[in-house]
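Peer 1: Would you mind keeping the following structure in view while I ask a few things?
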Amino acid sequence: MQPGTISASQLEQEHLRELESQRRHLTHLLVMEQNRAARMSDLWVCKLNRRLITQIKASRELSSKAEKLTAISGVGARTAALLLAQMPELGQLNRREVAALVGVAPFNRDSGRMRGKRAIYGGRRSVRHGLYMAALVAARHNPILRAFYLRLRAAGKPAKVALTATMRKLLIVLNSSLKPDLTYA
């Protein structure tokens with residue numbers, strides 16, 4: 001059995017994933033240190049953020065995808081970098097698959113006649129955490145997602161449930177934005 005060949009795009013994706021993972025790790029460490037009242041310079045995290053953005057800009061494919069992602073209100077460069085690094089499947093899956101992959105799809109907890117609460121779990125935790133912050137911003141500043149969030153709250157849904165639904169809706173929009181254009185001649 002021969003080993004498969006790795007394309008340049010796959011190597012680029014792996015490098016981006018490593019950079020983003022390291023940035024997330026350092027950001028987490030920085031917050032921990034600040035909570036302990038230790039003073040650590042933000043310089044390292046800023047340099048890593050710049051390197052991550054530079055890496056994306058250096059690739060025509062990643063740069064194009066990042067532009068499409070950041071065009072959606074609520075999604076910034078850091079969220080786009082997170083999604084590009086940790087979700088290479090984005091744009092290739094349907095809405096149910098992408099929601100389950102990130103862990104924002106509601107799963108039932110039914111057994112026999114008992115009907116339990118729906119809950120989200122599993123999936124890619126780091127993506128879900130980044131998407132949470134993007135959904136929080138989108139629920140305030142994106143007119144479509146804001147209306148969606150407010151409609152859920154008006155219907156009596158708890159804030160976290162409404163925000164989780166907004167996360168899922170935002171993810172589906174992001175996934176759709178990266179789908180290839182199907183133009184017919």
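Every chain in the structure tokens takes a letter, A first, then B, and so on in the order presented; its residues are numbered from 1, and the ligands are numbered from 1 following the presented order.
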Given only C-alpha atoms, how would the per-residue table for range 79-137 of chain A near range 158-161 of chain A read, listing every residue at most 12 Å away with its closest atom pair and distance in Å to one decimal, sorted by chain and number, as a tab-separated table?
Peer 2:
residue	atom	partner	partner_atom	distance
A:Val104	CA	A:Val161	CA	10.6
A:Ala105	CA	A:Val161	CA	11.6
A:Pro106	CA	A:Val161	CA	10.2
A:Lys117	CA	A:Val161	CA	11.4
A:Arg118	CA	A:Val161	CA	10.0
A:Ala119	CA	A:Val161	CA	9.3
A:Ile120	CA	A:Val161	CA	9.9
A:Tyr132	CA	A:Lys160	CA	10.1
A:Ala135	CA	A:Lys160	CA	11.1
A:Leu136	CA	A:Lys160	CA	10.3
Peer 1: Work out how far apart CA of Arg23 in chain A and CA of Arg95 in chain A are and give it in Å to one decimal.
Peer 2: 28.1 Å
Peer 1: When you look at Leu16 in chain A with a cut-off of 10 Å (counting only C-alpha atoms), what residues show up, excluding the ones that are within fewer than 4 positions of it in the same chain? I need them as a ChimeraX atom specification.
Peer 2: /A:10-12,20-22,51-53,55-56,62,81-82,84-86
Peer 1: If we count only C-alpha atoms, what is near Ser64 in chain A at a cut-off of 12 Å, once residues fewer than 5 positions away on the same chain are taken out, given as number ranges by chain?
Peer 2: A: 56-59, 69-71, 80, 84, 177-178, 180
Peer 1: For those residues, write C-alpha atoms to a file as a PDB file, in the first residue's frame.
Peer 2:
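Written output follows (selection-v4.pdb):
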ATOM      1  CA  ILE A  56      -3.859  33.672   5.305  1.00  0.00           C
ATOM      2  CA  LYS A  57      -3.094  36.671   3.066  1.00  0.00           C
ATOM      3  CA  ALA A  58      -0.163  34.790   1.501  1.00  0.00           C
ATOM      4  CA  SER A  59      -2.507  32.131   0.132  1.00  0.00           C
ATOM      5  CA  LEU A  69     -16.250  35.020   5.861  1.00  0.00           C
ATOM      6  CA  THR A  70     -15.438  38.516   7.147  1.00  0.00           C
ATOM      7  CA  ALA A  71     -18.025  40.042   4.793  1.00  0.00           C
ATOM      8  CA  ALA A  80     -12.214  33.713  10.039  1.00  0.00           C
ATOM      9  CA  LEU A  84     -10.194  28.353   8.096  1.00  0.00           C
ATOM     10  CA  SER A 177     -20.856  31.602   1.776  1.00  0.00           C
ATOM     11  CA  LEU A 178     -17.974  29.216   1.047  1.00  0.00           C
ATOM     12  CA  PRO A 180     -18.768  26.968  -4.793  1.00  0.00           C
TER      13      PRO A 180
END
Peer 1: As a VMD selection string, please: all residues of chain A that backbone DSSP puts in helix (DSSP H, G or I).
Peer 2: chain A and resid 8 to 35 43 to 58 60 to 70 77 to 86 95 to 102 125 to 141 143 to 154 159 to 177
Peer 1: Taking 3 positions as the minimum chain separation for residues in the same chain, which residues sit within 9 Å of range 126-131 of chain A when counting only C-alpha atoms? Answer as an NGL selection string.
Peer 2: :A and (21 or 24 or 75 or 78-79 or 82-83 or 86-87 or 102-104 or 123 or 134-136 or 167-168 or 170-171)
Peer 1: With only C-alpha atoms as the basis for distance, which of A:Lys179, A:His25, A:Arg153, A:His141 is at the shortest distance from Leu48 in chain A?
Peer 2: A:His25
Peer 1: Step one, run DSSP on the backbone; step two, keep only residues of range 24-124 of chain A assigned to strand (DSSP E or B); then write them as a count of residues only.
Peer 2: 4
Peer 1: Please determine, counting only C-alpha atoms, which residue among A:Ser7, A:Ser63, A:Asn175, A:Asn49 has the shortest atom-to-atom distance to Leu101 in chain A.
Peer 2: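 Selected residue with least distance to Leu101 in chain A: A:Asn175.
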Peer 1: So what do you get for CA of Leu90 in chain A versus CA of Asp181 in chain A, distance-wise?
Peer 2: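 Atom-to-atom, CA of Leu90 in chain A to CA of Asp181 in chain A, that is 14.2 Å.
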Peer 1: What's the separation between CA of Arg109 in chain A and CA of Gly122 in chain A, in Å to one decimal place?
Peer 2: 14.1 Å
